[in-house]
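Novice: This is structure-v2.cif (mmCIF, C-alpha atoms).
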data_work
loop_
_atom_site.label_atom_id
_atom_site.label_comp_id
_atom_site.auth_asym_id
_atom_site.auth_seq_id
_atom_site.Cartn_x
_atom_site.Cartn_y
_atom_site.Cartn_z
CA MET A 1 114.45 102.43 121.84
CA LYS A 2 117.13 103.53 124.29
CA CYS A 3 117.78 106.91 125.85
CA GLN A 4 120.18 109.08 123.87
CA LYS A 5 122.26 109.78 126.98
CA CYS A 6 122.25 106.41 128.77
CA ALA A 7 121.32 102.74 128.30
CA LYS A 8 117.86 102.98 129.92
CA PRO A 9 114.72 102.60 127.78
CA ALA A 10 113.48 105.87 126.27
CA THR A 11 110.05 106.71 127.67
CA PHE A 12 109.89 110.32 126.43
CA HIS A 13 110.02 111.22 122.76
CA ILE A 14 110.36 114.98 122.43
CA THR A 15 110.32 117.03 119.23
CA ASP A 16 111.65 120.57 119.48
CA VAL A 17 110.67 122.92 116.67
CA ILE A 18 113.70 125.06 115.89
CA GLU A 19 112.38 127.07 112.96
CA LYS A 20 109.47 126.75 110.60
CA GLY A 21 109.93 123.41 108.90
CA LYS A 22 112.95 122.40 111.01
CA HIS A 23 112.77 120.23 114.10
CA GLN A 24 114.97 118.12 116.33
CA GLU A 25 113.90 114.83 117.94
CA PHE A 26 115.07 113.55 121.32
CA HIS A 27 114.55 110.18 122.96
CA PHE A 28 115.13 110.19 126.73
CA CYS A 29 114.56 108.16 129.87
CA ASP A 30 112.61 109.84 132.71
CA GLU A 31 115.72 111.33 134.33
CA HIS A 32 117.17 112.85 131.16
CA ALA A 33 113.73 114.11 130.05
CA ARG A 34 113.50 116.04 133.33
CA GLN A 35 116.90 117.54 132.66
CA HIS A 36 115.96 118.45 129.08
CA LEU A 37 112.60 120.00 129.97
CA ALA A 38 113.74 121.77 133.14
CA PRO A 39 114.81 125.38 132.66
CA PRO A 40 118.59 125.78 132.80
CA GLU A 41 120.15 127.41 135.85
CA ASP A 42 121.06 130.43 133.75
CA ALA A 43 117.52 131.07 132.52
CA ALA A 44 118.34 134.55 131.19
CA GLU A 45 120.42 133.10 128.35
CA ALA A 46 118.18 130.15 127.55
CA PRO A 47 115.22 130.41 125.19
CA PRO A 48 111.84 130.14 126.99
CA ILE A 49 110.08 126.79 126.95
CA GLY A 50 106.81 126.94 125.05
CA GLU A 51 103.44 126.54 126.76
CA LEU A 52 102.93 123.15 125.13
CA ALA A 53 106.19 121.85 126.59
CA LYS A 54 105.18 123.13 130.04
CA LYS A 55 101.80 121.38 129.79
CA LEU A 56 103.47 118.16 128.62
CA ALA A 57 105.95 118.31 131.48
CA SER A 58 103.26 118.92 134.09
CA HIS A 59 101.02 116.19 132.62
CA ALA A 60 103.87 113.69 132.61
CA GLY A 61 104.84 114.62 136.15
CA VAL A 62 108.24 115.93 135.14
CA GLY A 63 109.56 118.43 137.66
CA SER A 64 106.87 117.67 140.22
CA ALA A 65 106.37 115.19 143.01
CA PRO A 66 105.13 111.75 141.97
CA PRO A 67 101.33 111.45 142.18
CA THR A 68 101.60 108.83 144.93
CA LEU A 69 103.22 111.36 147.27
CA ARG A 70 100.42 113.88 146.78
CA GLU A 71 98.11 114.59 149.71
CA PRO A 72 94.86 112.61 149.17
CA SER A 73 91.75 114.76 148.89
CA PRO A 74 88.48 113.96 150.71
CA ALA A 75 86.95 112.99 147.34
CA ASP A 76 89.61 110.28 146.89
CA LYS A 77 88.22 108.49 149.95
CA GLN A 78 84.63 108.29 148.66
CA VAL A 79 83.47 104.70 148.11
CA CYS A 80 80.67 103.40 145.91
CA PRO A 81 78.31 101.30 148.05
CA VAL A 82 77.51 99.00 145.09
CA CYS A 83 80.89 98.08 143.59
CA GLN A 84 83.19 99.28 146.41
CA ILE A 85 85.46 101.31 144.10
CA THR A 86 87.02 104.45 145.57
CA PHE A 87 87.42 107.68 143.65
CA LEU A 88 91.20 107.31 144.04
CA GLU A 89 91.02 103.89 142.31
CA PHE A 90 89.03 105.50 139.47
CA ARG A 91 91.63 108.28 139.14
CA ASN A 92 94.45 105.72 138.97
CA SER A 93 92.77 103.32 136.53
CA GLY A 94 90.54 105.69 134.56
CA ARG A 95 87.65 103.22 134.82
CA LEU A 96 84.53 103.30 136.93
CA GLY A 97 83.22 100.13 138.55
CA CYS A 98 79.48 100.45 137.89
CA PRO A 99 76.85 102.87 136.56
CA TYR A 100 75.99 103.93 140.12
CA ASP A 101 79.47 105.52 140.36
CA TYR A 102 78.22 108.39 138.20
CA GLU A 103 75.85 109.32 141.03
CA VAL A 104 78.29 108.70 143.88
CA PHE A 105 81.13 110.68 142.26
CA ARG A 106 78.85 113.17 140.46
CA ASP A 107 80.45 116.36 141.83
CA GLU A 108 83.94 115.26 140.77
CA LEU A 109 82.95 113.71 137.42
CA MET A 110 80.78 116.48 135.94
CA PRO A 111 83.58 119.01 135.38
CA LEU A 112 85.85 116.23 134.11
CA LEU A 113 83.26 114.94 131.61
CA GLU A 114 82.47 118.45 130.40
CA SER A 115 86.13 119.21 129.76
CA ILE A 116 86.75 115.91 127.95
CA HIS A 117 83.53 115.41 125.96
CA GLY A 118 81.94 118.84 125.96
CA GLU A 119 78.72 117.19 127.18
CA THR A 120 77.51 115.45 130.33
CA ARG A 121 74.67 113.40 128.83
CA HIS A 122 75.09 110.16 126.89
CA SER A 123 73.75 110.18 123.36
CA GLY A 124 74.25 106.95 121.52
CA LYS A 125 73.46 103.27 121.43
CA VAL A 126 72.76 101.15 124.49
CA PRO A 127 73.38 97.38 124.57
CA LYS A 128 70.19 95.35 124.06
CA ARG A 129 70.75 93.29 127.20
CA ALA A 130 71.39 96.37 129.37
CA PRO A 131 68.94 96.74 132.25
CA ARG A 132 66.14 99.20 131.57
CA ASN A 133 65.80 100.44 135.14
CA THR A 134 68.36 101.37 137.73
CA GLN A 135 67.11 98.91 140.36
CA GLN A 136 67.76 95.98 138.01
CA GLN A 137 71.15 97.46 137.16
CA THR A 138 72.10 97.72 140.82
CA THR A 139 70.89 94.20 141.54
CA LEU A 140 72.86 92.78 138.60
CA ILE A 141 76.04 94.57 139.68
CA GLN A 142 75.72 93.29 143.23
CA LEU A 143 75.02 89.75 142.02
CA ARG A 144 78.02 89.81 139.68
CA ASN A 145 80.26 91.03 142.51
CA GLU A 146 78.95 88.26 144.77
CA LEU A 147 79.57 85.77 141.95
CA LYS A 148 83.21 86.91 141.69
CA ARG A 149 83.65 86.54 145.44
CA ALA A 150 82.05 83.08 145.44
CA VAL A 151 84.31 81.89 142.62
CA ALA A 152 87.37 83.35 144.37
CA ALA A 153 86.33 81.50 147.56
CA GLU A 154 85.77 78.34 145.45
CA ASP A 155 82.14 78.14 146.62
CA TYR A 156 80.89 76.78 143.32
CA GLU A 157 77.39 75.87 144.52
CA ALA A 158 76.72 79.45 145.57
CA ALA A 159 78.33 80.65 142.33
CA ALA A 160 76.01 78.46 140.26
CA LYS A 161 72.96 79.84 142.09
CA LEU A 162 74.14 83.40 141.57
CA ARG A 163 74.82 82.71 137.88
CA ASP A 164 71.28 81.39 137.49
CA LYS A 165 69.81 84.48 139.21
CA ILE A 166 71.78 86.74 136.87
CA LYS A 167 70.56 84.83 133.79
CA GLU A 168 66.98 84.96 135.06
CA ILE A 169 67.10 88.75 135.53
CA GLU A 170 68.72 89.25 132.13
CA GLN A 171 66.07 87.07 130.43
CA ASP A 172 63.22 88.95 132.14
CA GLN A 173 64.44 92.10 130.41
CA ASP A 174 63.86 90.71 126.92
#
As structure tokens - that is how I would like this structure written.

Specialist:
Amino acid sequence: MKCQKCAKPATFHITDVIEKGKHQEFHFCDEHARQHLAPPEDAAEAPPIGELAKKLASHAGVGSAPPTLREPSPADKQVCPVCQITFLEFRNSGRLGCPYDYEVFRDELMPLLESIHGETRHSGKVPKRAPRNTQQQTTLIQLRNELKRAVAAEDYEAAAKLRDKIKEIEQDQD
């Protein structure tokens, strides 16, 4: 779908509620969405933007500096010693690298998990082949990372040995 005001692809789909039961839909590119959501210069005459629209605009980054230009916090520089992921990488991708990250980034993750899930403890199923203790988990993660590096370096003999070690540890769990 294209922007209603230009030929760029529409990345924002906005529905304004005019009255109860009546609404108007807009399809804009980033630039025109900013213009639509930004308060007009003569704000006294314009109707106020609802709280939901403000939250949407702030979440989408409309009217603010791009996240890449933001000053990095000290937490963003933290690195997991097991999988080498930084907290900034987690924030950008939304994925952690290993179970040990929950301990490394604990102070930053706890409020986030509480706000998203309402809980901070896992309650549910666990894969049958998952390691039962944290030492085995850490060892498996390190071995898998070494395996990836060996394959990337085309050291297939080392990769085969690492693969065998991983299988051996996984079979010992059964």

Novice: Taking the file above as input, evaluate the PyMOL selection byres ((chain A and resi 142-150) around 10) and report the hits as a VMD selection string.

Specialist: chain A and resid 81 to 84 98 136 to 141 151 to 163 165 to 166

Novice: What's around A:Gly97 at 9 Å? Count all atoms listed in the file, leave out sequence neighbours fewer than 2 positions away in its own chain, and write the answer as a PyMOL selection string.

Specialist: chain A and resi 80+82-85+90+95+99-101

Novice: Report, in Å with one decimal, the straight-line distance from atom CA of A:Met110 to atom CA of A:Lys125.

Specialist: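 Computing it gives 20.9 Å between the two atoms.
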
Novice: Quick one: residues within 7 Å of A:Phe12, all atoms listed in the file, excluding same-chain residues fewer than 3 positions away - as a PyMOL selection string?

Specialist: chain A and resi 27-30+33

Novice: Kindly indicate which residue among A:Ala75, A:Ile14, A:Cys6, A:Ile169 lies nearest to A:Asn133, using all atoms listed in the file for the distances.

Specialist: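 Using all atoms listed in the file, the shortest distance to A:Asn133 belongs to A:Ile169.
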
Novice: Find the residues near A:Glu31: any atom within 12 Å, counting all atoms listed in the file, skip ones fewer than 3 places away on the same chain, and give them as a PyMOL selection string.

Specialist: chain A and resi 3-12+27-28+34-38+61-63
